[in-house]
file model02.cif (mmCIF, C-alpha atoms and all ligand atoms)
data_run
#
loop_
_atom_site.label_atom_id
_atom_site.label_comp_id
_atom_site.auth_asym_id
_atom_site.auth_seq_id
_atom_site.Cartn_x
_atom_site.Cartn_y
_atom_site.Cartn_z
CA MET A 17 -10.38 -58.75 30.87
CA ASP A 18 -9.56 -61.44 33.36
CA ILE A 19 -12.30 -61.97 36.00
CA SER A 20 -9.83 -61.42 38.84
CA SER A 21 -9.18 -57.88 37.54
CA VAL A 22 -12.78 -56.70 37.85
CA LEU A 23 -13.26 -54.44 40.85
CA GLN A 24 -14.93 -51.08 40.22
CA GLY A 25 -16.90 -52.52 37.35
CA GLY A 26 -19.02 -54.53 39.73
CA TYR A 27 -20.34 -51.44 41.46
CA GLN A 28 -21.45 -49.10 38.71
CA HIS A 29 -24.59 -47.93 40.47
CA PRO A 30 -24.30 -45.13 43.12
CA LEU A 31 -26.34 -47.19 45.55
CA SER A 32 -24.07 -50.19 45.25
CA ARG A 33 -21.10 -47.86 45.73
CA SER A 34 -22.65 -46.52 48.94
CA TRP A 35 -22.76 -50.08 50.31
CA GLN A 36 -18.97 -50.05 50.49
CA ALA A 37 -19.29 -47.98 53.66
CA ARG A 38 -19.25 -50.03 56.85
CA ARG A 39 -21.01 -47.12 58.62
CA THR A 40 -22.38 -43.83 57.29
CA LEU A 41 -22.80 -40.42 58.86
CA THR A 42 -26.08 -39.88 60.72
CA LYS A 43 -27.32 -36.88 62.69
CA GLY A 44 -26.94 -38.77 65.96
CA MET A 45 -23.18 -39.09 65.39
CA LEU A 46 -22.70 -35.32 65.49
CA MET A 47 -22.05 -33.27 68.63
CA TYR A 48 -22.06 -29.50 68.13
CA PRO A 49 -19.50 -27.40 70.11
CA ILE A 50 -20.97 -24.10 71.31
CA PHE A 51 -19.43 -21.15 73.14
CA ILE A 52 -21.38 -19.64 76.05
CA THR A 53 -20.40 -16.26 77.36
CA ASP A 54 -21.37 -14.48 80.55
CA ASP A 55 -23.24 -11.53 79.05
CA PRO A 56 -26.70 -13.17 78.88
CA ASP A 57 -27.77 -11.23 75.78
CA ALA A 58 -24.54 -11.55 73.84
CA TYR A 59 -24.29 -12.67 70.24
CA VAL A 60 -20.71 -12.06 69.07
CA ASP A 61 -19.33 -13.48 65.82
CA ILE A 62 -15.94 -15.22 66.02
CA PRO A 63 -14.00 -14.00 62.97
CA SER A 64 -11.44 -16.84 63.01
CA LEU A 65 -14.28 -19.42 63.12
CA PRO A 66 -16.57 -18.32 60.30
CA GLY A 67 -20.22 -19.00 61.06
CA GLN A 68 -19.63 -19.59 64.80
CA ALA A 69 -20.37 -17.15 67.60
CA ARG A 70 -20.29 -16.62 71.36
CA TRP A 71 -23.78 -16.85 72.79
CA GLY A 72 -25.40 -15.51 75.93
CA VAL A 73 -27.82 -17.76 77.81
CA ASN A 74 -30.84 -15.69 76.73
CA ARG A 75 -29.98 -16.33 73.08
CA LEU A 76 -29.88 -20.12 73.28
CA GLU A 77 -33.53 -20.73 72.50
CA GLY A 78 -33.42 -18.72 69.27
CA PHE A 79 -30.05 -20.20 68.28
CA LEU A 80 -30.67 -23.89 69.00
CA GLY A 81 -34.46 -24.16 68.60
CA PRO A 82 -34.34 -24.38 64.79
CA LEU A 83 -31.41 -26.81 64.92
CA VAL A 84 -33.19 -29.12 67.37
CA LYS A 85 -36.17 -29.11 64.97
CA LYS A 86 -33.83 -30.21 62.18
CA GLY A 87 -32.55 -33.11 64.28
CA LEU A 88 -29.71 -31.79 66.43
CA LYS A 89 -29.12 -34.47 69.07
CA SER A 90 -26.25 -33.20 71.18
CA VAL A 91 -24.10 -30.21 72.05
CA ILE A 92 -20.87 -29.70 73.98
CA LEU A 93 -20.64 -26.46 75.96
CA PHE A 94 -17.55 -24.30 76.35
CA GLY A 95 -17.60 -21.44 78.85
CA VAL A 96 -16.21 -18.13 77.64
CA PRO A 97 -16.18 -15.83 80.65
CA MET A 98 -15.38 -12.20 79.90
CA LEU A 99 -16.50 -10.50 83.09
CA CYS A 100 -15.32 -12.89 85.84
CA GLN A 101 -12.32 -12.61 88.16
CA LYS A 102 -9.83 -15.31 87.09
CA ASP A 103 -7.42 -16.83 89.65
CA GLY A 104 -4.85 -19.59 90.14
CA SER A 105 -7.34 -22.43 90.61
CA GLY A 106 -10.02 -21.34 88.12
CA THR A 107 -12.66 -20.54 90.75
CA PRO A 108 -15.20 -19.18 88.20
CA ALA A 109 -15.35 -22.58 86.42
CA ASP A 110 -18.03 -23.90 88.77
CA ASP A 111 -19.65 -20.61 89.76
CA PRO A 112 -23.34 -21.50 90.13
CA LYS A 113 -24.18 -18.23 88.34
CA GLY A 114 -21.50 -18.79 85.67
CA PRO A 115 -22.41 -19.22 82.00
CA VAL A 116 -21.90 -22.99 81.75
CA ILE A 117 -24.05 -23.95 84.73
CA LEU A 118 -26.77 -21.50 83.70
CA ALA A 119 -26.66 -22.84 80.14
CA ILE A 120 -26.98 -26.47 81.30
CA GLN A 121 -30.03 -25.61 83.40
CA THR A 122 -31.57 -23.52 80.63
CA LEU A 123 -31.02 -26.12 77.91
CA ARG A 124 -32.40 -28.95 80.04
CA LEU A 125 -35.63 -26.99 80.41
CA LEU A 126 -35.84 -25.73 76.84
CA PHE A 127 -34.93 -28.94 75.01
CA PRO A 128 -35.70 -32.05 77.08
CA THR A 129 -34.42 -34.42 74.37
CA LEU A 130 -31.10 -32.66 73.74
CA TYR A 131 -27.98 -34.43 75.09
CA ILE A 132 -25.81 -31.90 76.89
CA ALA A 133 -22.08 -32.49 77.25
CA CYS A 134 -19.72 -30.03 78.93
CA ASP A 135 -16.07 -29.49 78.30
CA VAL A 136 -14.28 -29.45 81.65
CA CYS A 137 -11.08 -27.45 81.88
CA LEU A 138 -9.55 -24.67 83.92
CA CYS A 139 -7.77 -22.67 81.18
CA GLU A 140 -10.77 -20.45 80.45
CA TYR A 141 -10.90 -19.53 84.17
CA THR A 142 -7.29 -19.38 85.40
CA SER A 143 -5.30 -16.15 85.59
CA HIS A 144 -2.32 -17.94 83.96
CA GLY A 145 -4.44 -19.59 81.24
CA HIS A 146 -3.08 -23.09 81.86
CA CYS A 147 -5.37 -26.11 82.08
CA GLY A 148 -4.44 -27.11 85.65
CA VAL A 149 -3.16 -25.82 88.98
CA LEU A 150 0.51 -24.81 88.96
CA HIS A 151 3.49 -25.14 91.28
CA GLU A 152 5.27 -21.90 92.16
CA ASP A 153 7.82 -22.56 89.40
CA GLY A 154 5.02 -22.61 86.82
CA THR A 155 4.97 -26.38 86.27
CA ILE A 156 1.76 -28.42 86.54
CA ASN A 157 0.80 -29.70 89.97
CA SER A 158 -1.05 -32.88 88.97
CA GLU A 159 -2.83 -33.95 92.13
CA PRO A 160 -4.58 -30.69 93.05
CA SER A 161 -5.29 -30.23 89.34
CA ALA A 162 -7.13 -33.56 89.10
CA ALA A 163 -8.98 -32.80 92.36
CA ARG A 164 -10.07 -29.37 91.12
CA ILE A 165 -11.13 -30.72 87.70
CA ALA A 166 -13.21 -33.40 89.46
CA GLU A 167 -14.91 -30.71 91.56
CA VAL A 168 -15.85 -28.75 88.44
CA ALA A 169 -17.05 -31.88 86.61
CA LEU A 170 -19.27 -32.81 89.55
CA ALA A 171 -20.78 -29.32 89.63
CA TYR A 172 -21.72 -29.65 85.93
CA ALA A 173 -23.19 -33.12 86.55
CA LYS A 174 -25.25 -31.74 89.45
CA ALA A 175 -26.50 -28.91 87.23
CA GLY A 176 -27.82 -31.56 84.82
CA ALA A 177 -25.07 -32.28 82.28
CA HIS A 178 -25.52 -35.68 80.61
CA CYS A 179 -21.79 -35.90 79.96
CA VAL A 180 -18.62 -34.31 81.30
CA ALA A 181 -15.57 -34.17 79.05
CA PRO A 182 -12.26 -33.20 80.66
CA SER A 183 -9.90 -31.63 78.11
CA ASP A 184 -7.18 -30.61 80.58
CA MET A 185 -4.92 -33.69 80.15
CA MET A 186 -3.79 -33.84 83.81
CA ASP A 187 -2.64 -37.30 84.94
CA GLY A 188 -5.21 -39.05 87.14
CA ARG A 189 -8.19 -36.87 86.32
CA ILE A 190 -10.39 -39.61 84.85
CA LYS A 191 -10.15 -41.70 88.00
CA ALA A 192 -10.72 -38.61 90.18
CA ILE A 193 -13.82 -37.56 88.23
CA LYS A 194 -15.33 -41.07 88.10
CA ARG A 195 -14.80 -41.43 91.86
CA ALA A 196 -16.36 -38.03 92.56
CA LEU A 197 -19.38 -38.81 90.35
CA ILE A 198 -19.96 -42.19 92.00
CA ASP A 199 -19.49 -40.90 95.55
CA ALA A 200 -22.00 -38.09 94.99
CA GLY A 201 -24.62 -40.40 93.46
CA TYR A 202 -24.02 -39.39 89.84
CA GLY A 203 -22.29 -42.61 88.77
CA ASN A 204 -25.30 -43.64 86.69
CA LYS A 205 -26.42 -40.16 85.68
CA CYS A 206 -23.46 -38.74 83.84
CA THR A 207 -21.20 -40.07 81.08
CA LEU A 208 -17.45 -39.46 81.32
CA MET A 209 -15.89 -38.68 77.95
CA SER A 210 -12.12 -38.40 78.09
CA TYR A 211 -10.08 -36.28 75.72
CA SER A 212 -7.60 -39.18 75.94
CA ALA A 213 -5.32 -38.60 72.98
CA LYS A 214 -5.20 -34.83 72.79
CA PHE A 215 -2.19 -33.57 70.90
CA ALA A 216 -0.38 -30.23 71.31
CA SER A 217 -1.64 -28.87 68.00
CA ALA A 218 -1.36 -25.69 66.00
CA LEU A 219 -5.00 -26.30 65.07
CA TYR A 220 -6.43 -24.89 68.32
CA GLY A 221 -5.68 -21.29 67.34
CA PRO A 222 -9.21 -20.14 66.46
CA PHE A 223 -10.60 -21.81 69.60
CA ARG A 224 -8.16 -19.98 71.88
CA ASP A 225 -9.12 -16.81 70.12
CA ALA A 226 -12.82 -17.61 70.64
CA ALA A 227 -12.46 -18.71 74.25
CA GLY A 228 -9.75 -16.26 75.34
CA SER A 229 -7.85 -19.24 76.75
CA ALA A 230 -4.31 -18.87 75.39
CA PRO A 231 -1.73 -19.46 78.17
CA SER A 232 -0.18 -16.23 79.48
CA PHE A 233 3.28 -17.86 79.47
CA GLY A 234 4.78 -21.04 78.04
CA ASP A 235 2.73 -23.59 76.10
CA ARG A 236 0.78 -26.80 76.69
CA LYS A 237 3.45 -29.21 75.45
CA CYS A 238 4.05 -30.69 78.92
CA TYR A 239 0.50 -31.98 79.23
CA GLN A 240 -0.75 -32.31 75.65
CA LEU A 241 0.86 -35.05 73.54
CA PRO A 242 3.66 -34.42 71.04
CA PRO A 243 2.32 -34.91 67.49
CA THR A 244 4.79 -37.77 67.00
CA ALA A 245 3.72 -39.64 70.16
CA LYS A 246 1.88 -42.66 68.84
CA GLY A 247 2.94 -44.79 71.79
CA LEU A 248 1.97 -42.23 74.44
CA ALA A 249 -1.42 -41.85 72.76
CA ARG A 250 -1.98 -45.59 72.92
CA ARG A 251 -0.96 -45.64 76.60
CA ALA A 252 -3.27 -42.71 77.39
CA ILE A 253 -6.22 -44.51 75.76
CA THR A 254 -5.50 -47.72 77.68
CA ARG A 255 -5.05 -45.82 80.94
CA ASP A 256 -8.28 -43.84 80.57
CA ILE A 257 -10.28 -47.00 79.93
CA ALA A 258 -8.80 -48.50 83.09
CA GLU A 259 -9.61 -45.32 85.03
CA GLY A 260 -13.28 -45.45 84.06
CA ALA A 261 -13.76 -43.37 80.91
CA ASP A 262 -17.05 -44.18 79.16
CA ILE A 263 -16.08 -42.57 75.84
CA ILE A 264 -12.58 -42.14 74.40
CA MET A 265 -11.71 -39.14 72.25
CA VAL A 266 -8.93 -38.35 69.79
CA LYS A 267 -8.22 -34.69 69.02
CA PRO A 268 -7.52 -33.15 66.48
CA ALA A 269 -9.02 -35.61 64.00
CA LEU A 270 -7.78 -35.39 60.42
CA PRO A 271 -3.99 -35.37 61.08
CA TYR A 272 -4.47 -38.20 63.62
CA LEU A 273 -6.57 -40.77 61.74
CA ASP A 274 -4.00 -43.45 62.58
CA VAL A 275 -4.55 -42.72 66.28
CA ILE A 276 -8.32 -43.01 65.80
CA SER A 277 -7.71 -46.36 64.18
CA ASP A 278 -5.42 -47.38 67.08
CA ALA A 279 -8.12 -46.31 69.55
CA ALA A 280 -10.70 -48.42 67.71
CA GLU A 281 -8.38 -51.40 68.13
CA LEU A 282 -7.51 -50.67 71.80
CA ALA A 283 -11.07 -49.79 72.88
CA PRO A 284 -13.30 -51.79 70.51
CA ASP A 285 -16.15 -51.91 73.02
CA HIS A 286 -16.29 -48.18 73.83
CA PRO A 287 -17.87 -45.36 71.88
CA LEU A 288 -15.07 -43.53 70.11
CA ALA A 289 -15.18 -39.79 69.55
CA CYS A 290 -12.99 -37.46 67.57
CA TYR A 291 -12.93 -33.68 67.52
CA GLN A 292 -12.60 -31.92 64.18
CA VAL A 293 -11.13 -28.88 65.93
CA SER A 294 -11.40 -25.18 65.21
CA GLY A 295 -8.33 -25.01 62.96
CA GLU A 296 -9.45 -28.01 60.91
CA TYR A 297 -12.85 -26.39 60.40
CA ALA A 298 -11.24 -23.07 59.50
CA MET A 299 -8.95 -24.82 56.99
CA VAL A 300 -11.82 -26.58 55.26
CA VAL A 301 -13.77 -23.31 55.05
CA ALA A 302 -10.74 -21.32 53.86
CA GLY A 303 -9.93 -23.85 51.15
CA ALA A 304 -13.47 -23.74 49.86
CA ARG A 305 -13.40 -19.92 49.83
CA ALA A 306 -10.14 -20.05 47.87
CA GLY A 307 -11.80 -22.25 45.28
CA VAL A 308 -9.74 -25.36 46.05
CA TYR A 309 -12.82 -27.58 46.47
CA ASP A 310 -16.54 -27.55 47.15
CA LEU A 311 -17.25 -26.98 50.87
CA ARG A 312 -19.89 -29.64 51.26
CA THR A 313 -17.92 -32.30 49.39
CA MET A 314 -14.85 -31.63 51.53
CA ALA A 315 -16.85 -31.51 54.79
CA PHE A 316 -18.27 -34.96 53.96
CA GLU A 317 -14.91 -36.34 52.85
CA THR A 318 -13.07 -35.30 56.03
CA THR A 319 -15.90 -36.47 58.31
CA GLU A 320 -16.32 -39.78 56.52
CA SER A 321 -12.59 -40.42 56.81
CA MET A 322 -12.99 -40.17 60.61
CA ILE A 323 -15.88 -42.63 60.55
CA ARG A 324 -13.88 -44.97 58.33
CA ALA A 325 -10.99 -44.79 60.83
CA GLY A 326 -13.36 -45.97 63.57
CA CYS A 327 -15.21 -43.03 65.14
CA THR A 328 -18.79 -43.36 66.29
CA LEU A 329 -19.15 -39.74 67.41
CA ILE A 330 -17.76 -36.53 65.88
CA LEU A 331 -17.52 -33.13 67.52
CA SER A 332 -18.01 -30.84 64.56
CA TYR A 333 -18.54 -27.15 63.86
CA PHE A 334 -20.17 -28.30 60.61
CA THR A 335 -23.07 -29.86 62.56
CA PRO A 336 -25.68 -27.21 61.57
CA GLN A 337 -24.78 -27.60 57.89
CA PHE A 338 -24.83 -31.40 58.08
CA LEU A 339 -28.37 -31.25 59.52
CA ASP A 340 -29.39 -29.66 56.20
CA TRP A 341 -27.09 -31.69 53.96
CA LEU A 342 -28.20 -35.02 55.44
CA ASP A 343 -31.81 -34.16 54.56
CA GLU A 344 -31.09 -33.41 50.91
N1 LIG A 401 -8.56 -27.15 77.15
C1 LIG A 401 -8.99 -26.17 76.27
C2 LIG A 401 -9.51 -26.68 74.98
N2 LIG A 401 -10.65 -27.40 74.89
C3 LIG A 401 -10.90 -27.62 73.54
C4 LIG A 401 -9.88 -27.03 72.81
C5 LIG A 401 -9.74 -26.98 71.32
C6 LIG A 401 -10.98 -27.02 70.53
C7 LIG A 401 -10.87 -26.48 69.16
O1 LIG A 401 -9.79 -26.04 68.71
O2 LIG A 401 -11.89 -26.47 68.47
C8 LIG A 401 -8.99 -26.45 73.71
C9 LIG A 401 -7.79 -25.69 73.31
C10 LIG A 401 -6.51 -26.04 73.93
O3 LIG A 401 -6.33 -27.10 74.55
O4 LIG A 401 -5.63 -25.21 73.81
ZN ZN A 402 -7.64 -26.16 78.99
ZN ZN A 403 -11.15 -27.55 77.10
#

call {"tool": "encode", "arguments": {"input": "model02.cif", "output": "structure tokens"}}
result
Amino acid sequence: MDISSVLQGGYQHPLSRSWQARRTLTKGMLMYPIFITDDPDAYVDIPSLPGQARWGVNRLEGFLGPLVKKGLKSVILFGVPMLCQKDGSGTPADDPKGPVILAIQTLRLLFPTLYIACDVCLCEYTSHGHCGVLHEDGTINSEPSAARIAEVALAYAKAGAHCVAPSDMMDGRIKAIKRALIDAGYGNKCTLMSYSAKFASALYGPFRDAAGSAPSFGDRKCYQLPPTAKGLARRAITRDIAEGADIIMVKPALPYLDVISDAAELAPDHPLACYQVSGEYAMVVAGARAGVYDLRTMAFETTESMIRAGCTLILSYFTPQFLDWLDE
């Protein structure tokens, strides 16, 4: 064989093959999404998200204690209110007795080393189920939406969140949140992670089921990006950097690896997150159950593809399993 043809043959040992990775998955790269509900003793399985549940605040110690021992470094909280009175501006989102604020305070006390991020959105708390404040005709009213989102983000920062992550997609919200954090003295206490390139995806189904946050009319296509919108995604990433985002996120992950790679090029000096969303997780689990592949192999393959594309942080429902797998 000609020398110039030799490629694989030079790396016959598994260790030398592992050196082909520019970066490998570590526990610190994983952020675990968890659902907090307002019945403090609740533990309710989510059938469309196998292995995931809605948790009451009193259950968090038993749920997360063993994971923190295994090396869990960060979580992102989603509020799932069942008992509250929803309204047009999502008033329960920053209720000081609401599940998210109580969970932040509880987790800070229980696990001093755990990094606590909070999803910030109105859809779980609005009567119409949309992510912002609406005009009378049902269209998004951007300015009051951004102002309201900033109010909620600041309340989470004041409760002790290390990171706020707006997933609403309203224009101008990154600037509004950064301003609100700085003006209230939280500019150097709280990270701002923007769901910058969030696409209108069919893969959010299990999440909406889990969070009870499906819109009561219409869809989210006017504020989430069309799946074909490579250019709009690039503009959103550039805009959010200019508006003060500390971390950029792409969501979903696997069908949008090119966008992750674009983000790595547009924001080379920022941490870059991606969210392997509920439907992606459910697909990987369903395929394994159908015998298409081995679950662990596929979980690693999908996650490593995101790292290869440029991510430094992955929001993953597989986090508890990876804490075991990465020790083996
Ligand atoms: N703003 C709500 C929100 N925040 C995170 C997700 C999706 C997460 C997942 O599917 O795992 C969604 C759903 C949506 O926008 O409809
Ligand atoms: Zn929302
Ligand atoms: Zn959200």

call {"tool": "closest_residue", "arguments": {"input": "model02.cif", "among": "A:Lys214, A:His29, A:Arg251, A:His151", "to": "ligand ZN 403 (chain A)", "atoms": "only C-alpha atoms and all ligand atoms"}}
result
A:Lys214

call {"tool": "residues_near_ligand", "arguments": {"input": "model02.cif", "ligand": "ligand LIG 401 (chain A)", "cutoff": "6 Å", "atoms": "all atoms listed in the file", "output": "list in words"}}
result
Cys137, Cys147, Ser183, Asp184, Tyr220, Phe223, Arg224, Val293 and Ser294 of chain A

call {"tool": "residues_around", "arguments": {"input": "model02.cif", "residues": "A:Ala227", "least_positions_apart": "6", "cutoff": "12 Å", "atoms": "only C-alpha atoms", "output": "list in words"}}
result
Pro49, Ile50, Phe51, Ile52, Thr53, Asp54, Val60, Ile62, Ser64, Leu65, Gln68, Ala69, Arg70, Trp71, Leu93, Phe94, Gly95, Val96, Pro97, Met98, Cys137, Leu138, Cys139, Glu140, Tyr141, Gly145, Tyr220, Gly221 and Ser294 of chain A

call {"tool": "write_last_selection", "arguments": {"input": "model02.cif", "atoms": "C-alpha atoms", "output": "CSV table (one decimal), in the frame of the given file"}}
result
chain,number,residue,atom,x,y,z
A,49,PRO,CA,-19.5,-27.4,70.1
A,50,ILE,CA,-21.0,-24.1,71.3
A,51,PHE,CA,-19.4,-21.2,73.1
A,52,ILE,CA,-21.4,-19.6,76.0
A,53,THR,CA,-20.4,-16.3,77.4
A,54,ASP,CA,-21.4,-14.5,80.6
A,60,VAL,CA,-20.7,-12.1,69.1
A,62,ILE,CA,-15.9,-15.2,66.0
A,64,SER,CA,-11.4,-16.8,63.0
A,65,LEU,CA,-14.3,-19.4,63.1
A,68,GLN,CA,-19.6,-19.6,64.8
A,69,ALA,CA,-20.4,-17.2,67.6
A,70,ARG,CA,-20.3,-16.6,71.4
A,71,TRP,CA,-23.8,-16.8,72.8
A,93,LEU,CA,-20.6,-26.5,76.0
A,94,PHE,CA,-17.6,-24.3,76.4
A,95,GLY,CA,-17.6,-21.4,78.8
A,96,VAL,CA,-16.2,-18.1,77.6
A,97,PRO,CA,-16.2,-15.8,80.6
A,98,MET,CA,-15.4,-12.2,79.9
A,137,CYS,CA,-11.1,-27.4,81.9
A,138,LEU,CA,-9.6,-24.7,83.9
A,139,CYS,CA,-7.8,-22.7,81.2
A,140,GLU,CA,-10.8,-20.4,80.4
A,141,TYR,CA,-10.9,-19.5,84.2
A,145,GLY,CA,-4.4,-19.6,81.2
A,220,TYR,CA,-6.4,-24.9,68.3
A,221,GLY,CA,-5.7,-21.3,67.3
A,294,SER,CA,-11.4,-25.2,65.2

call {"tool": "residues_around", "arguments": {"input": "model02.cif", "residues": "A:Ser143", "least_positions_apart": "4", "cutoff": "6 Å", "atoms": "all atoms listed in the file", "output": "ChimeraX atom specification"}}
result
/A:102-104

call {"tool": "write_last_selection", "arguments": {"input": "model02.cif", "atoms": "C-alpha atoms", "output": "mmCIF file, in the frame of the given file"}}
result
data_model
loop_
_atom_site.group_PDB
_atom_site.id
_atom_site.type_symbol
_atom_site.label_atom_id
_atom_site.label_comp_id
_atom_site.auth_asym_id
_atom_site.auth_seq_id
_atom_site.Cartn_x
_atom_site.Cartn_y
_atom_site.Cartn_z
ATOM 1 C CA LYS A 102 -9.830 -15.310 87.090
ATOM 2 C CA ASP A 103 -7.420 -16.830 89.650
ATOM 3 C CA GLY A 104 -4.850 -19.590 90.140
#

call {"tool": "atom_distance", "arguments": {"input": "model02.cif", "atom1": "atom CA of A:Val136", "atom2": "atom CA of A:Val116"}}
result
10.0 Å

call {"tool": "residues_around", "arguments": {"input": "model02.cif", "residues": "A:Ser217", "least_positions_apart": "5", "cutoff": "10 Å", "atoms": "only C-alpha atoms", "output": "list in words"}}
result
Arg236, Lys237, Gln240, Leu241, Pro242, Pro243, Lys267, Pro268, Pro271, Val293 and Gly295 of chain A

call {"tool": "closest_residue", "arguments": {"input": "model02.cif", "among": "A:Arg39, A:Arg124, A:Lys113, A:His178", "to": "A:Thr207", "atoms": "only C-alpha atoms"}}
result
A:His178

call {"tool": "closest_residue", "arguments": {"input": "model02.cif", "among": "A:Leu80, A:Ile19, A:Val180, A:Val275", "to": "ligand ZN 403 (chain A)", "atoms": "all atoms listed in the file"}}
result
A:Val180
